$ cat structure.cif   # mmCIF, C-alpha atoms and all ligand atoms
data_query
loop_
_atom_site.label_atom_id
_atom_site.label_comp_id
_atom_site.auth_asym_id
_atom_site.auth_seq_id
_atom_site.Cartn_x
_atom_site.Cartn_y
_atom_site.Cartn_z
CA MET A 138 4.18 4.99 -8.99
CA ILE A 139 7.69 4.08 -10.15
CA ARG A 140 10.17 3.52 -7.34
CA ASN A 141 13.95 3.25 -7.30
CA GLN A 142 13.55 -0.44 -6.53
CA ASP A 143 11.54 -0.93 -9.73
CA ILE A 144 14.25 0.76 -11.82
CA LEU A 145 16.92 -1.46 -10.24
CA ILE A 146 14.89 -4.59 -10.98
CA LEU A 147 14.30 -3.48 -14.56
CA ALA A 148 18.03 -2.78 -15.00
CA LEU A 149 18.84 -6.24 -13.60
CA VAL A 150 16.34 -7.95 -15.91
CA LEU A 151 17.73 -6.08 -18.93
CA LEU A 152 21.29 -6.99 -17.93
CA ILE A 153 20.37 -10.67 -17.63
CA PHE A 154 18.58 -10.54 -20.97
CA PHE A 155 21.51 -9.00 -22.84
CA VAL A 156 24.09 -11.30 -21.23
CA ASN A 157 22.05 -14.31 -22.35
CA LEU A 158 21.45 -12.84 -25.80
CA GLY A 159 25.18 -12.19 -26.18
CA LEU A 160 26.02 -15.73 -25.11
CA PHE A 161 23.41 -17.12 -27.49
CA VAL A 162 24.88 -15.24 -30.45
CA VAL A 163 28.42 -16.40 -29.59
CA CYS A 164 27.03 -19.90 -29.15
CA LEU A 165 25.76 -19.96 -32.73
CA LYS A 166 29.32 -19.45 -34.00
CA ASN A 167 31.15 -21.50 -31.43
CA LYS A 168 29.32 -24.60 -30.24
CA ALA A 169 31.99 -25.33 -27.63
CA ILE A 170 30.64 -22.66 -25.31
CA ARG A 171 27.09 -24.00 -25.40
CA LYS A 172 27.47 -25.35 -21.85
CA TYR A 173 28.16 -21.80 -20.59
CA PHE A 174 25.01 -20.62 -22.29
CA ILE A 175 22.91 -23.36 -20.66
CA GLY A 176 24.53 -22.58 -17.28
CA SER A 177 23.72 -18.91 -17.72
CA ILE A 178 20.07 -19.68 -18.59
CA ILE A 179 19.71 -21.81 -15.43
CA ILE A 180 21.24 -19.09 -13.21
CA SER A 181 18.99 -16.49 -14.91
CA LEU A 182 15.90 -18.60 -14.21
CA ILE A 183 16.83 -18.89 -10.52
CA VAL A 184 17.45 -15.13 -10.28
CA GLY A 185 14.16 -14.53 -12.14
CA LEU A 186 12.23 -16.74 -9.73
CA PHE A 187 13.84 -14.93 -6.79
CA ILE A 188 12.83 -11.52 -8.22
CA VAL A 189 9.25 -12.66 -8.87
CA SER A 190 8.78 -14.21 -5.40
CA ASN A 191 10.19 -11.13 -3.65
CA ASN A 192 8.14 -8.66 -5.66
CA PHE A 193 4.95 -10.62 -6.13
CA SER A 194 2.69 -7.93 -4.61
CA ARG A 195 4.34 -5.22 -6.73
CA ILE A 196 3.87 -7.28 -9.88
CA THR A 197 0.17 -7.95 -9.16
CA TYR A 198 -0.26 -4.22 -8.44
CA TRP A 199 1.29 -3.33 -11.82
CA ILE A 200 -0.94 -5.86 -13.59
CA ASP A 201 -4.09 -4.51 -11.84
CA LYS A 202 -3.05 -0.94 -12.58
CA TYR A 203 -2.43 -1.80 -16.24
CA ARG A 204 -5.80 -3.55 -16.54
CA ILE A 205 -7.69 -0.65 -14.97
CA GLU A 206 -5.90 2.08 -16.90
CA ASN A 207 -5.94 0.19 -20.18
CA ASN A 208 -9.65 -0.40 -19.82
CA ALA A 209 -10.16 3.25 -18.88
CA THR A 210 -8.64 4.45 -22.14
CA GLN A 211 -10.65 1.93 -24.13
CA THR A 212 -14.06 2.68 -22.68
CA SER A 213 -14.05 6.35 -21.75
CA SER A 214 -11.79 9.22 -20.97
CA SER A 215 -13.16 9.64 -17.46
CA ASN A 216 -10.86 9.43 -14.50
CA LYS A 217 -10.99 5.92 -13.09
CA SER A 218 -10.51 6.90 -9.51
CA CYS A 219 -12.86 8.42 -6.99
CA SER A 220 -12.11 10.13 -3.75
CA CYS A 221 -12.78 8.74 -0.29
CA THR A 222 -13.98 11.55 1.94
CA ASN A 223 -16.66 12.39 4.48
CA LYS A 224 -18.84 13.36 1.48
CA THR A 225 -18.48 10.18 -0.59
CA LEU A 226 -18.48 7.59 2.21
CA HIS A 227 -20.84 7.44 5.15
CA PHE A 228 -19.74 6.03 8.46
CA GLN A 229 -20.44 6.17 12.11
CA ARG A 230 -17.63 8.44 13.27
CA ASP A 231 -15.54 7.44 16.29
CA SER A 232 -14.43 10.37 18.42
CA TYR A 233 -10.78 11.22 17.78
CA SER A 234 -9.99 12.45 21.27
CA GLY A 235 -12.35 10.05 23.00
CA LYS A 236 -11.50 6.85 21.15
CA HIS A 237 -8.81 7.01 18.44
CA ARG A 238 -6.08 8.57 20.57
CA PRO A 239 -6.62 6.74 23.89
CA ILE A 240 -7.05 3.36 22.14
CA ALA A 241 -3.98 3.89 19.92
CA LYS A 242 -2.03 4.64 23.09
CA LYS A 243 -3.43 1.61 24.87
CA VAL A 244 -2.92 -0.99 22.11
CA THR A 245 0.69 0.09 21.57
CA GLY A 246 1.55 0.29 25.26
CA GLY A 247 2.17 4.03 24.80
CA ARG A 248 4.91 3.54 22.21
CA PHE A 249 4.93 7.02 20.71
CA ILE A 250 7.20 7.60 17.70
CA GLU A 251 8.82 10.92 18.54
CA ASP A 252 11.61 10.85 15.99
CA LYS A 253 13.57 8.75 13.50
CA ALA A 254 15.67 7.22 16.29
CA LYS A 255 12.53 5.92 18.03
CA LEU A 256 11.19 4.65 14.72
CA GLN A 257 14.44 2.74 14.16
CA GLU A 258 14.36 1.38 17.71
CA TYR A 259 10.80 0.07 17.32
CA LEU A 260 11.68 -1.45 13.95
CA GLU A 261 14.62 -3.31 15.49
CA GLU A 262 12.42 -4.52 18.34
CA LYS A 263 9.83 -5.62 15.73
CA GLN A 264 7.22 -3.39 17.40
CA LEU A 265 6.90 -1.84 13.94
CA VAL A 266 7.13 -3.62 10.60
CA THR A 267 7.35 -2.48 6.98
CA ILE A 268 4.18 -2.69 4.91
CA SER A 269 3.79 -2.99 1.16
CA ASP A 270 1.07 -3.29 -1.48
CA ARG A 271 -1.17 -6.27 -0.96
CA LYS A 272 -4.46 -7.54 -2.33
CA GLY A 273 -6.91 -4.64 -2.61
CA TYR A 274 -4.65 -1.70 -1.76
CA HIS A 275 -1.67 0.29 -2.92
CA ILE A 276 0.47 2.61 -0.85
CA GLN A 277 1.10 5.88 -2.62
CA SER A 278 4.46 7.59 -2.64
CA LEU A 279 4.58 9.01 0.89
CA GLY A 280 5.82 12.51 1.57
CA HIS A 281 5.35 13.06 5.28
CA SER A 282 5.07 9.51 6.55
CA SER A 283 6.72 6.10 6.25
CA LYS A 284 5.46 2.64 5.34
CA HIS A 285 5.45 1.17 8.83
CA LEU A 286 2.74 -0.18 11.11
CA THR A 287 2.57 -2.36 14.19
CA PRO A 288 2.34 -6.07 13.26
CA SER A 289 -1.33 -6.25 14.30
CA ALA A 290 -2.27 -3.05 12.40
CA LYS A 291 -0.56 -4.52 9.33
CA GLN A 292 -2.67 -7.65 9.69
CA ARG A 293 -5.86 -5.58 10.00
CA LEU A 294 -4.96 -3.60 6.88
CA GLU A 295 -4.43 -6.83 4.93
CA GLU A 296 -7.77 -8.07 6.22
CA LEU A 297 -9.43 -4.86 5.03
CA GLY A 298 -7.88 -5.27 1.56
CA SER A 299 -9.13 -8.88 1.35
CA LEU A 300 -12.63 -7.98 2.57
CA PHE A 301 -12.84 -5.14 0.06
CA ARG A 302 -11.89 -7.49 -2.79
CA GLU A 303 -14.29 -10.14 -1.52
CA ASN A 304 -17.15 -7.64 -1.67
CA LEU A 305 -16.34 -7.04 -5.34
CA LYS A 306 -15.86 -10.68 -6.31
CA GLY A 307 -17.50 -11.60 -9.61
CA THR A 308 -18.16 -7.95 -10.57
CA PRO A 309 -16.33 -5.98 -13.30
CA ASP A 310 -14.62 -4.11 -10.44
CA ALA A 311 -13.08 -7.24 -8.92
CA LYS A 312 -9.59 -5.77 -9.37
CA SER A 313 -10.29 -2.40 -7.79
CA TYR A 314 -7.93 -1.19 -5.12
CA PHE A 315 -7.83 1.65 -2.63
CA LEU A 316 -4.96 4.09 -2.24
CA ILE A 317 -3.28 4.80 1.08
CA SER A 318 -1.97 8.34 1.24
CA SER A 319 -0.47 8.41 4.73
CA VAL A 320 0.79 5.83 7.22
CA THR A 321 3.17 6.35 10.13
CA ARG A 322 4.51 9.78 11.03
CA THR A 323 7.14 10.79 13.52
CA GLU A 324 6.29 13.78 15.68
CA ALA A 325 8.64 15.86 13.48
CA GLN A 326 6.72 14.85 10.34
CA GLN A 327 3.45 15.62 12.14
CA CYS A 328 4.78 19.13 12.91
CA LYS A 329 5.55 19.72 9.23
CA ILE A 330 1.98 18.76 8.31
CA ARG A 331 0.61 21.03 11.03
CA LYS A 332 2.52 23.92 9.49
CA ALA A 333 1.55 23.09 5.90
CA TYR A 334 -2.09 22.23 6.60
CA PRO A 335 -3.07 23.88 9.88
CA SER A 336 -6.66 22.64 9.71
CA SER A 337 -6.04 19.00 8.81
CA ALA A 338 -3.42 17.76 11.28
CA THR A 339 -4.28 17.36 14.92
CA ARG A 340 -2.62 19.74 17.38
CA GLN A 341 -2.14 17.01 19.93
CA LYS A 342 -0.57 13.58 19.58
CA SER A 343 -1.60 11.93 16.33
CA THR A 344 -2.51 8.24 16.14
CA HIS A 345 -0.26 8.16 13.04
CA SER A 346 2.63 8.55 15.51
CA TYR A 347 1.70 5.28 17.22
CA GLY A 348 1.94 3.24 14.01
CA VAL A 349 -1.69 2.14 14.02
CA SER A 350 -3.31 4.56 11.53
CA VAL A 351 -3.66 4.96 7.79
CA ASP A 352 -5.44 7.47 5.57
CA ILE A 353 -7.36 6.17 2.56
CA SER A 354 -7.64 8.83 -0.14
CA ARG A 355 -9.03 7.19 -3.28
CA VAL A 356 -10.39 4.06 -4.87
CA MET A 357 -9.19 2.97 -8.30
CA TYR A 358 -11.93 1.18 -10.18
CA LYS A 359 -12.62 -0.31 -13.58
CA LYS A 360 -16.34 0.20 -14.16
CA SER A 361 -18.25 1.65 -11.26
CA CYS A 362 -17.09 4.17 -8.71
CA LYS A 363 -20.28 3.68 -6.76
CA ASN A 364 -19.90 -0.10 -6.45
CA SER A 365 -16.24 0.16 -5.50
CA LEU A 366 -16.98 2.77 -2.84
CA LYS A 367 -19.85 0.65 -1.54
CA ALA A 368 -17.55 -2.36 -1.26
CA LEU A 369 -15.03 -0.31 0.71
CA GLU A 370 -17.74 1.17 2.91
CA LYS A 371 -19.09 -2.29 3.67
CA ALA A 372 -15.65 -3.70 4.49
CA ILE A 373 -14.72 -0.81 6.81
CA ASP A 374 -18.16 -0.90 8.38
CA GLN A 375 -17.91 -4.62 9.07
CA MET A 376 -14.50 -4.27 10.71
CA GLN A 377 -15.72 -1.36 12.81
CA GLY A 378 -18.60 -3.57 13.97
CA GLU A 379 -16.10 -6.28 14.92
CA ASP A 380 -14.07 -3.75 16.98
CA LYS A 381 -11.10 -4.10 14.65
CA LEU A 382 -10.84 -0.46 13.65
CA LEU A 383 -12.01 3.08 14.38
CA ILE A 384 -13.15 5.55 11.73
CA CYS A 385 -12.68 9.28 11.33
CA PRO A 386 -14.01 10.53 7.98
CA GLU A 387 -12.22 13.72 6.90
CA LYS A 388 -12.49 16.29 4.12
CA THR A 389 -9.76 14.71 1.99
CA CYS A 390 -9.56 11.12 3.23
CA ILE A 391 -10.85 8.45 5.57
CA HIS A 392 -8.66 8.14 8.64
CA LEU A 393 -8.58 4.68 10.20
CA THR A 394 -7.07 3.53 13.48
CA PHE A 395 -6.55 -0.22 13.75
CA ILE A 396 -7.23 -1.85 17.07
ZN ZN B 401 -5.03 10.39 9.33
#

$ encode --input "structure.cif" --output "structure tokens" --more "lines below"
Ligand SMILES: [Zn+2]
Amino acid sequence: MIRNQDILILALVLLIFFVNLGLFVVCLKNKAIRKYFIGSIIISLIVGLFIVSNNFSRITYWIDKYRIENNATQTSSSNKSCSCTNKTLHFQRDSYSGKHRPIAKKVTGGRFIEDKAKLQEYLEEKQLVTISDRKGYHIQSLGHSSKHLTPSAKQRLEELGSLFRENLKGTPDAKSYFLISSVTRTEAQQCKIRKAYPSSATRQKSTHSYGVSVDISRVMYKKSCKNSLKALEKAIDQMQGEDKLLICPEKTCIHLTFI
């Protein structure tokens, strides 16, 4: 998924490249300005390092994505992703009304995200933080939700990504990752989903509006869908057993609530 941020970074990199190239060419004719060229190279390296360190997770995601897709075109034309649903993954379901909702309410101290203003307030108070791609998962372009979770839910999600990768270590699917299709929704966003998909969104308060839930829709894999799904199943299962998350398998995704 290309984002505005990626385009800006690419534009910046190209600008730096052409400025240096220009200086280099002038340098060949006029040796007196060589010091400016060296200065420019040093500044460019510092800016480059800054870009890489700030976008490390994005860069590793692009590399993984390239590897998987490149390999997919080389070996077969089949789609290298498989869906995560109540049909493809088998879990012990936790009751939505009996566990997901009351526990989401409890662990957040009842901080319900009614609207954008509340979302902003919780972000300023650091009750919610921004999440991004990390080892083992990628957040899709989100239509009706935003990339925010509570700090502890964020930590759990990172743990899930690491566990998933650990389960695939040493296999051809070591670089597989799962896709997150929905994260935190304000009540207004939840209403829009209710209207668009009457059967899929809960009528009552959603755990997505507490900032502790994500939906996992697919797994991107290199060689084996089955092995990648198994690795995800095992990781989720383990964390459920450790009381770190609750599971609600759905028709189009796996809904998780982090505890
Ligand atoms: Zn959900």

$ atom_distance --input "structure.cif" --atom1 "CA of Lys284 (chain A)" --atom2 "CA of Leu151 (chain A)"
28.6 Å

$ residues_around --input "structure.cif" --residues "Gly298 (chain A)" --least-positions-apart "2" --cutoff "7 Å" --atoms "all atoms listed in the file" --output "list in words"
Lys272, Gly273, Tyr274, Leu294, Glu295, Glu296, Leu300, Phe301 and Arg302 of chain A

$ residues_around --input "structure.cif" --residues "region 351-368 of chain A" --least-positions-apart "3" --cutoff "8 Å" --atoms "all atoms listed in the file" --output "PyMOL selection string"
chain A and resi 205-206+208-209+217-222+225-226+301-302+304-305+309-310+312-321+345+371-372+389-394

$ write_last_selection --input "structure.cif" --atoms "C-alpha atoms" --output "mmCIF file, keeping the file's coordinate frame"
data_model
loop_
_atom_site.group_PDB
_atom_site.id
_atom_site.type_symbol
_atom_site.label_atom_id
_atom_site.label_comp_id
_atom_site.auth_asym_id
_atom_site.auth_seq_id
_atom_site.Cartn_x
_atom_site.Cartn_y
_atom_site.Cartn_z
ATOM 1 C CA ILE A 205 -7.690 -0.650 -14.970
ATOM 2 C CA GLU A 206 -5.900 2.080 -16.900
ATOM 3 C CA ASN A 208 -9.650 -0.400 -19.820
ATOM 4 C CA ALA A 209 -10.160 3.250 -18.880
ATOM 5 C CA LYS A 217 -10.990 5.920 -13.090
ATOM 6 C CA SER A 218 -10.510 6.900 -9.510
ATOM 7 C CA CYS A 219 -12.860 8.420 -6.990
ATOM 8 C CA SER A 220 -12.110 10.130 -3.750
ATOM 9 C CA CYS A 221 -12.780 8.740 -0.290
ATOM 10 C CA THR A 222 -13.980 11.550 1.940
ATOM 11 C CA THR A 225 -18.480 10.180 -0.590
ATOM 12 C CA LEU A 226 -18.480 7.590 2.210
ATOM 13 C CA PHE A 301 -12.840 -5.140 0.060
ATOM 14 C CA ARG A 302 -11.890 -7.490 -2.790
ATOM 15 C CA ASN A 304 -17.150 -7.640 -1.670
ATOM 16 C CA LEU A 305 -16.340 -7.040 -5.340
ATOM 17 C CA PRO A 309 -16.330 -5.980 -13.300
ATOM 18 C CA ASP A 310 -14.620 -4.110 -10.440
ATOM 19 C CA LYS A 312 -9.590 -5.770 -9.370
ATOM 20 C CA SER A 313 -10.290 -2.400 -7.790
ATOM 21 C CA TYR A 314 -7.930 -1.190 -5.120
ATOM 22 C CA PHE A 315 -7.830 1.650 -2.630
ATOM 23 C CA LEU A 316 -4.960 4.090 -2.240
ATOM 24 C CA ILE A 317 -3.280 4.800 1.080
ATOM 25 C CA SER A 318 -1.970 8.340 1.240
ATOM 26 C CA SER A 319 -0.470 8.410 4.730
ATOM 27 C CA VAL A 320 0.790 5.830 7.220
ATOM 28 C CA THR A 321 3.170 6.350 10.130
ATOM 29 C CA HIS A 345 -0.260 8.160 13.040
ATOM 30 C CA LYS A 371 -19.090 -2.290 3.670
ATOM 31 C CA ALA A 372 -15.650 -3.700 4.490
ATOM 32 C CA THR A 389 -9.760 14.710 1.990
ATOM 33 C CA CYS A 390 -9.560 11.120 3.230
ATOM 34 C CA ILE A 391 -10.850 8.450 5.570
ATOM 35 C CA HIS A 392 -8.660 8.140 8.640
ATOM 36 C CA LEU A 393 -8.580 4.680 10.200
ATOM 37 C CA THR A 394 -7.070 3.530 13.480
#

$ residues_around --input "structure.cif" --residues "Lys381 (chain A)" --least-positions-apart "3" --cutoff "6 Å" --atoms "only C-alpha atoms" --output "list in words"
Met376, Gln377 and Ile396 of chain A

$ closest_residue --input "structure.cif" --among "A:Val349, A:Ile180, A:Ile170, A:Leu382" --to "Lys242 (chain A)" --atoms "only C-alpha atoms"
A:Val349

$ atom_distance --input "structure.cif" --atom1 "CA of Glu251 (chain A)" --atom2 "CA of Glu324 (chain A)"
4.8 Å

$ closest_residue --input "structure.cif" --among "A:Val150, A:His237, A:Cys164, A:Ile268" --to "ligand ZN 401 (chain B)" --atoms "only C-alpha atoms and all ligand atoms"
A:His237

$ closest_residue --input "structure.cif" --among "A:Leu182, A:His227, A:Ser282, A:Lys168" --to "Ile330 (chain A)" --atoms "only C-alpha atoms"
A:Ser282
